[in-house]
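Here is the structure we will look at.
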Amino acid sequence: TITFAQSSSEVLVLSAIVKDKVIPNAKIIFQKNGEASITKYTNTEGKVSIPEQYRNDSDVILIIKKDGYSPLITKCLCGGLTYAISPTMQELDGMRIVLSWGSSPKDIDSHLSYLGGYVCYHKKEASQANLDVDDTDSYGPETITITKIEQGKKYVYAVHNYSDKELINNSNLSNVSRAKVFIYIGNTLIKTYTMPKGKNGNIWIPFLIDEMGNIVNVGD
């Protein structure tokens, strides 16, 4: 396993579906209303330094672009985080769910439960879905790809703080992890969820997919 030293002044870009694969020469755009955008490119280690004036600015938008991958757009603060970009999906009735977080807790897991299938770190393949990447040493990504969403089935996606699994009322998932979930269909990022602050518990259910294929916000 490769361990990536993360600096609070850098962003690391990885592949969402190939474990520890860095993405060099990705275009990184730092954008803020009323100001000229700043464009940089990741180096051979997949890293880029954040412009100094934006390192503690929560109003900055980060845009990551790379040929063959879906663009990723997210709000910062982004220093010390890893972002995983998703190769363009050909299956428009499928979905890719990418979880990223900070340095702590070290091990956060993705779970997908539906009629006839369950995907997680100890069961990486199920009917029409699989866990592409399982990460146990901070940052992520943890990536689940649904190759085909089947009508009439409800899919529930959950994030579990495995590092603190014995501590039911622990707040590290909420207050420390900086966890984000990105949902892709085709070549488009369609939803982003950020773990809300001030919640106790080691499980977060940001959304589900209902029997008609609609994404329903849950947030618990």
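Chain identifiers are assigned as A, B, and so on, following the order in which chains appear in the structure tokens; residues are numbered from 1 within each chain, and ligands are numbered from 1 in order of appearance.
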Surrounding residues of range 119-131 of chain A excluding itself and chain neighbours under 5 positions, 7 Å, only C-alpha atoms, as a tab-separated table (two decimals) with C-alpha atoms, in the first residue's frame:
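Ended up saving to selection-v7.tsv:
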```
chain	number	residue	atom	x	y	z
A	109	ASP	CA	-16.38	2.30	4.71
A	110	SER	CA	-19.02	2.49	1.98
A	111	HIS	CA	-22.02	0.15	2.11
A	112	LEU	CA	-24.74	-0.39	-0.50
A	113	SER	CA	-27.77	-2.51	0.36
A	143	THR	CA	-15.83	3.65	-4.69
A	144	ILE	CA	-18.96	1.63	-5.46
A	145	THR	CA	-20.08	1.22	-9.08
A	146	ILE	CA	-23.62	0.15	-9.90
A	147	THR	CA	-23.51	-1.17	-13.47
A	148	LYS	CA	-27.30	-1.15	-13.81
```
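Close contacts of range 63-73 of chain A, defined as residues with an atom at most 6 Å away when counting only C-alpha atoms, with chain neighbours fewer than 3 positions off set aside, comprise Ala26, Lys27, Ile28, Ile29, Ser86, Pro87, Thr88, Asn187 and Thr188 of chain A.
The space separating CA of Tyr114 in chain A from CA of Ile85 in chain A comes to 25.3 Å.
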Skipping near chain neighbours, those fewer than 5 positions away, what residues fall within 8 Å of Ser100 in chain A using only C-alpha atoms, listed as a list in words?
Thr82, Tyr83, Ala84, Tyr139, Gly140, Pro141, Glu142, Ala179, Lys180 and Val181 of chain A
When you look at Lys40 in chain A with a cut-off of 12 Å (counting only C-alpha atoms), what residues show up, excluding the ones that are within fewer than 2 positions of it in the same chain? I need them as a PyMOL selection string.
chain A and resi 10-11+24-31+37-38+42-43+46-51+62-65
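Excluding Leu14 in chain A itself and same-chain residues fewer than 5 positions from it, the residues having an atom within 6 Å of it are Lys21, Val22, Ile23 and Ala84 of chain A, counting only C-alpha atoms.
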Test item: residues at most 8 Å from Cys76 in chain A, only C-alpha atoms, excluding those fewer than 2 positions along its chain, as a count of residues only:
9
Between CA of Asp132 in chain A and CA of Glu211 in chain A - distance in Å to one decimal
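Between CA of Glu211 in chain A and CA of Asp132 in chain A the gap works out to 24.2 Å.
By chain and then residue number, the residues within 9 Å of Lys191 in chain A are Val181, Phe182, Ile183 and Tyr184 of chain A, counting only C-alpha atoms and disregarding those fewer than 5 positions away in sequence.
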Selected residue of minimal separation from Val18 in chain A among A:Ile215, A:Ala158, A:Leu167, A:Val133, counting only C-alpha atoms:
A:Val133
So how many Å separate CA of Glu91 in chain A and CA of Gly186 in chain A, to one decimal?
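Rounded to one decimal, the two atoms are 6.4 Å apart.
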Can you check which residues of chain A DSSP gives as alpha helix (DSSP H) on the backbone and send them as a list in words?
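After running DSSP on the backbone, chain A has alpha helix (DSSP H) at Asn172, Leu173, Ser174 and Asn175 of chain A.
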From the DSSP assignment of the backbone, select every residue of range 104-158 of chain A that is strand (DSSP E), and format the answer as a PDB file with N, CA and C atoms, in the first residue's frame.
```
ATOM      1  N   ILE A 108     -12.876   4.521   6.893  1.00  0.00           N
ATOM      2  CA  ILE A 108     -14.301   4.774   6.711  1.00  0.00           C
ATOM      3  C   ILE A 108     -14.770   3.910   5.544  1.00  0.00           C
ATOM      4  N   ASP A 109     -15.913   3.271   5.704  1.00  0.00           N
ATOM      5  CA  ASP A 109     -16.377   2.297   4.712  1.00  0.00           C
ATOM      6  C   ASP A 109     -17.664   2.735   4.023  1.00  0.00           C
ATOM      7  N   SER A 110     -17.790   2.313   2.757  1.00  0.00           N
ATOM      8  CA  SER A 110     -19.019   2.486   1.979  1.00  0.00           C
ATOM      9  C   SER A 110     -19.817   1.195   1.995  1.00  0.00           C
ATOM     10  N   HIS A 111     -21.133   1.318   2.141  1.00  0.00           N
ATOM     11  CA  HIS A 111     -22.017   0.152   2.113  1.00  0.00           C
ATOM     12  C   HIS A 111     -23.192   0.463   1.182  1.00  0.00           C
ATOM     13  N   LEU A 112     -23.569  -0.516   0.366  1.00  0.00           N
ATOM     14  CA  LEU A 112     -24.738  -0.392  -0.498  1.00  0.00           C
ATOM     15  C   LEU A 112     -25.600  -1.630  -0.309  1.00  0.00           C
ATOM     16  N   SER A 113     -26.856  -1.397   0.089  1.00  0.00           N
ATOM     17  CA  SER A 113     -27.774  -2.506   0.363  1.00  0.00           C
ATOM     18  C   SER A 113     -29.005  -2.380  -0.533  1.00  0.00           C
ATOM     19  N   TYR A 114     -29.418  -3.500  -1.135  1.00  0.00           N
ATOM     20  CA  TYR A 114     -30.604  -3.516  -1.990  1.00  0.00           C
ATOM     21  C   TYR A 114     -31.107  -4.949  -2.090  1.00  0.00           C
ATOM     22  N   GLY A 117     -28.847  -7.949  -3.101  1.00  0.00           N
ATOM     23  CA  GLY A 117     -27.434  -7.591  -3.151  1.00  0.00           C
ATOM     24  C   GLY A 117     -26.982  -6.754  -1.970  1.00  0.00           C
ATOM     25  N   TYR A 118     -25.689  -6.882  -1.637  1.00  0.00           N
ATOM     26  CA  TYR A 118     -25.074  -6.080  -0.583  1.00  0.00           C
ATOM     27  C   TYR A 118     -23.595  -5.950  -0.928  1.00  0.00           C
ATOM     28  N   VAL A 119     -23.093  -4.721  -0.949  1.00  0.00           N
ATOM     29  CA  VAL A 119     -21.695  -4.481  -1.296  1.00  0.00           C
ATOM     30  C   VAL A 119     -21.025  -3.707  -0.169  1.00  0.00           C
ATOM     31  N   GLU A 125     -18.387  -7.835  -4.408  1.00  0.00           N
ATOM     32  CA  GLU A 125     -19.152  -8.000  -5.641  1.00  0.00           C
ATOM     33  C   GLU A 125     -20.539  -8.536  -5.337  1.00  0.00           C
ATOM     34  N   ALA A 126     -21.528  -7.989  -6.036  1.00  0.00           N
ATOM     35  CA  ALA A 126     -22.905  -8.462  -5.922  1.00  0.00           C
ATOM     36  C   ALA A 126     -23.563  -8.263  -7.286  1.00  0.00           C
ATOM     37  N   ALA A 129     -23.384  -4.692  -9.155  1.00  0.00           N
ATOM     38  CA  ALA A 129     -22.685  -3.673  -8.358  1.00  0.00           C
ATOM     39  C   ALA A 129     -21.403  -4.262  -7.790  1.00  0.00           C
ATOM     40  N   ASN A 130     -20.417  -3.382  -7.570  1.00  0.00           N
ATOM     41  CA  ASN A 130     -19.183  -3.850  -6.955  1.00  0.00           C
ATOM     42  C   ASN A 130     -18.442  -2.698  -6.277  1.00  0.00           C
ATOM     43  N   LEU A 131     -17.605  -3.068  -5.305  1.00  0.00           N
ATOM     44  CA  LEU A 131     -16.730  -2.113  -4.632  1.00  0.00           C
ATOM     45  C   LEU A 131     -15.418  -2.090  -5.408  1.00  0.00           C
ATOM     46  N   ASP A 132     -15.152  -0.988  -6.105  1.00  0.00           N
ATOM     47  CA  ASP A 132     -13.938  -0.882  -6.920  1.00  0.00           C
ATOM     48  C   ASP A 132     -12.703  -0.688  -6.053  1.00  0.00           C
ATOM     49  N   VAL A 133     -12.801   0.188  -5.048  1.00  0.00           N
ATOM     50  CA  VAL A 133     -11.656   0.526  -4.212  1.00  0.00           C
ATOM     51  C   VAL A 133     -12.092   0.531  -2.751  1.00  0.00           C
ATOM     52  N   GLU A 142     -13.248   5.453  -1.423  1.00  0.00           N
ATOM     53  CA  GLU A 142     -14.003   4.205  -1.409  1.00  0.00           C
ATOM     54  C   GLU A 142     -15.034   4.363  -2.520  1.00  0.00           C
ATOM     55  N   THR A 143     -15.014   3.472  -3.490  1.00  0.00           N
ATOM     56  CA  THR A 143     -15.832   3.647  -4.686  1.00  0.00           C
ATOM     57  C   THR A 143     -16.707   2.434  -4.942  1.00  0.00           C
ATOM     58  N   ILE A 144     -18.007   2.677  -5.080  1.00  0.00           N
ATOM     59  CA  ILE A 144     -18.958   1.633  -5.465  1.00  0.00           C
ATOM     60  C   ILE A 144     -19.528   1.990  -6.837  1.00  0.00           C
ATOM     61  N   THR A 145     -19.479   1.027  -7.754  1.00  0.00           N
ATOM     62  CA  THR A 145     -20.076   1.218  -9.076  1.00  0.00           C
ATOM     63  C   THR A 145     -21.283   0.301  -9.221  1.00  0.00           C
ATOM     64  N   ILE A 146     -22.421   0.908  -9.555  1.00  0.00           N
ATOM     65  CA  ILE A 146     -23.620   0.145  -9.901  1.00  0.00           C
ATOM     66  C   ILE A 146     -23.675   0.095 -11.422  1.00  0.00           C
ATOM     67  N   TYR A 155     -32.269   1.148  -3.237  1.00  0.00           N
ATOM     68  CA  TYR A 155     -30.851   1.047  -2.896  1.00  0.00           C
ATOM     69  C   TYR A 155     -30.572   2.028  -1.755  1.00  0.00           C
ATOM     70  N   VAL A 156     -29.961   1.545  -0.690  1.00  0.00           N
ATOM     71  CA  VAL A 156     -29.601   2.412   0.441  1.00  0.00           C
ATOM     72  C   VAL A 156     -28.079   2.466   0.539  1.00  0.00           C
ATOM     73  N   TYR A 157     -27.540   3.682   0.486  1.00  0.00           N
ATOM     74  CA  TYR A 157     -26.090   3.880   0.583  1.00  0.00           C
ATOM     75  C   TYR A 157     -25.756   4.435   1.970  1.00  0.00           C
ATOM     76  N   ALA A 158     -24.768   3.841   2.622  1.00  0.00           N
ATOM     77  CA  ALA A 158     -24.392   4.262   3.972  1.00  0.00           C
ATOM     78  C   ALA A 158     -22.883   4.376   4.100  1.00  0.00           C
TER      79      ALA A 158
END
```
